[in-house]
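K.L.:
Quick one: this structure, given as structure tokens, is what I'll be asking you about.
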Amino acid sequence: MNGPALHDIPAPASWRIALPHTAAAVPVARALVRTALAELKHAADSDTAELLTAELVANAVEHTAGDGHIELVVELMPTGCQVEVHDPDPAPPGNLTVPEPHSEPDPWQEHGRGLLLIRALSSSCGHRPTGSGKAVWFKLPVLPAQRRPA
């Protein structure tokens, strides 16, 4: 047989957690992603997953109104991982998938690079409407064996 047998491919694992609609959600989200990837010895790049998760959560906190929670969903698959952040605002997240022409971030500003990082470092990203707002997501592939940390 070519390739792994069906029983050799691990089933997807997923986590879903409600986070407060405050800046305190960012380190909690980073810790969940780090723990999920480490516990399963998952081969996606943990540092990149943490960084991009922090950007999505920080954007949800900063750019959506309300006292309700936001939700983090982490799914680990044999081919990589997908992270989603659900928030109550149905409006799409600016220039996530297509950069605006001539929209270079101002080098003197602290803000304005999050979506650029997500576009540049993920294998794919996007957003979709949900029953209570939207989900913004990114995917990271499994790293080749020679690029994994020892």
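Quick note on naming: the chains in the structure tokens go A, B, ... in the order shown, residues restart at 1 in each chain, and ligands are numbered from 1 in order of appearance.
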For region 7-33 of chain A against region 65-80 of chain A, with a cut-off of 8 Å and counting only C-alpha atoms, what is the closest atom pair and its distance in Å to one decimal for every residue that makes the cut, ordered by chain and number, as a Markdown table?
P.N.:
| residue | atom | partner | partner_atom | distance |
| --- | --- | --- | --- | --- |
| A:Ile9 | CA | A:Pro78 | CA | 6.8 |
| A:Pro10 | CA | A:Pro78 | CA | 6.5 |
| A:Ala11 | CA | A:Met77 | CA | 7.0 |
| A:Pro12 | CA | A:Met77 | CA | 4.6 |
| A:Ala13 | CA | A:Leu76 | CA | 5.2 |
| A:Ser14 | CA | A:Glu75 | CA | 4.2 |
| A:Trp15 | CA | A:Val74 | CA | 5.1 |
| A:Arg16 | CA | A:Val73 | CA | 4.4 |
| A:Ile17 | CA | A:Leu72 | CA | 5.3 |
| A:Ala18 | CA | A:Glu71 | CA | 4.4 |
| A:Leu19 | CA | A:Ile70 | CA | 5.3 |
| A:Pro20 | CA | A:His69 | CA | 4.9 |
| A:His21 | CA | A:His69 | CA | 5.1 |
| A:Ala29 | CA | A:Leu72 | CA | 7.1 |
| A:Val33 | CA | A:Val74 | CA | 7.0 |
K.L.:
Pick out the closest residue to Cys125 (chain A) from this set: A:Glu62, A:Asp47, A:Glu84, A:Glu39. Count only C-alpha atoms.
P.N.:
A:Glu84
K.L.:
Can you tell me, as a compact mmCIF listing (two decimals) with C-alpha atoms, in the first residue's frame, what residues are no more than 8 Å from Asp87 (chain A) when counting only C-alpha atoms, ignoring any on the same chain fewer than 3 positions away?
P.N.:
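Final output, selection.txt:
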# COMPACT_ATOMS: atom_id res chain seq x y z
CA ALA A 60 -11.70 40.72 17.88
CA THR A 64 -15.90 44.53 18.01
CA HIS A 69 -17.48 36.66 24.94
CA ILE A 70 -15.42 35.78 21.90
CA GLU A 71 -14.70 32.18 21.07
CA PRO A 90 -20.87 40.39 11.27
CA SER A 132 -24.03 35.21 15.87
CA GLY A 133 -21.45 37.29 13.93
CA LYS A 134 -18.40 36.02 12.08
CA ALA A 135 -15.45 33.66 12.35
K.L.:
Could you work out how far CA of Leu37 (chain A) lies from CA of Leu121 (chain A), giving the answer in Å with one decimal?
P.N.:
17.3 Å
K.L.:
DSSP on the backbone, then: every residue of region 9-91 of chain A marked helix (DSSP H, G or I), written as an NGL selection string.
P.N.:
:A and (25-39 or 46-63)
K.L.:
So, counting only C-alpha atoms, which residue among A:Ala23, A:Val61, A:Leu56, A:Leu143 is closest to Gly126 (chain A)?
P.N.:
A:Leu56
K.L.:
Considering only C-alpha atoms, return as a VMD selection string whatever protein or nucleic-acid residues lie within 9 Å of His63 (chain A), sequence-local ones (same chain, fewer than 4 positions apart) excluded.
P.N.:
chain A and resid 58 to 59 89 93
K.L.:
From the set A:Pro141, A:Cys81, A:Thr130, A:Leu52, which residue has the shortest atom-to-atom contact distance to Leu115 (chain A), counting only C-alpha atoms?
P.N.:
A:Leu52
K.L.:
For the atom pair CA of Arg119 (chain A) and CA of Val26 (chain A), what is the interatomic distance in Å to one decimal place?
P.N.:
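CA of Arg119 (chain A) sits 19.3 Å away from CA of Val26 (chain A).
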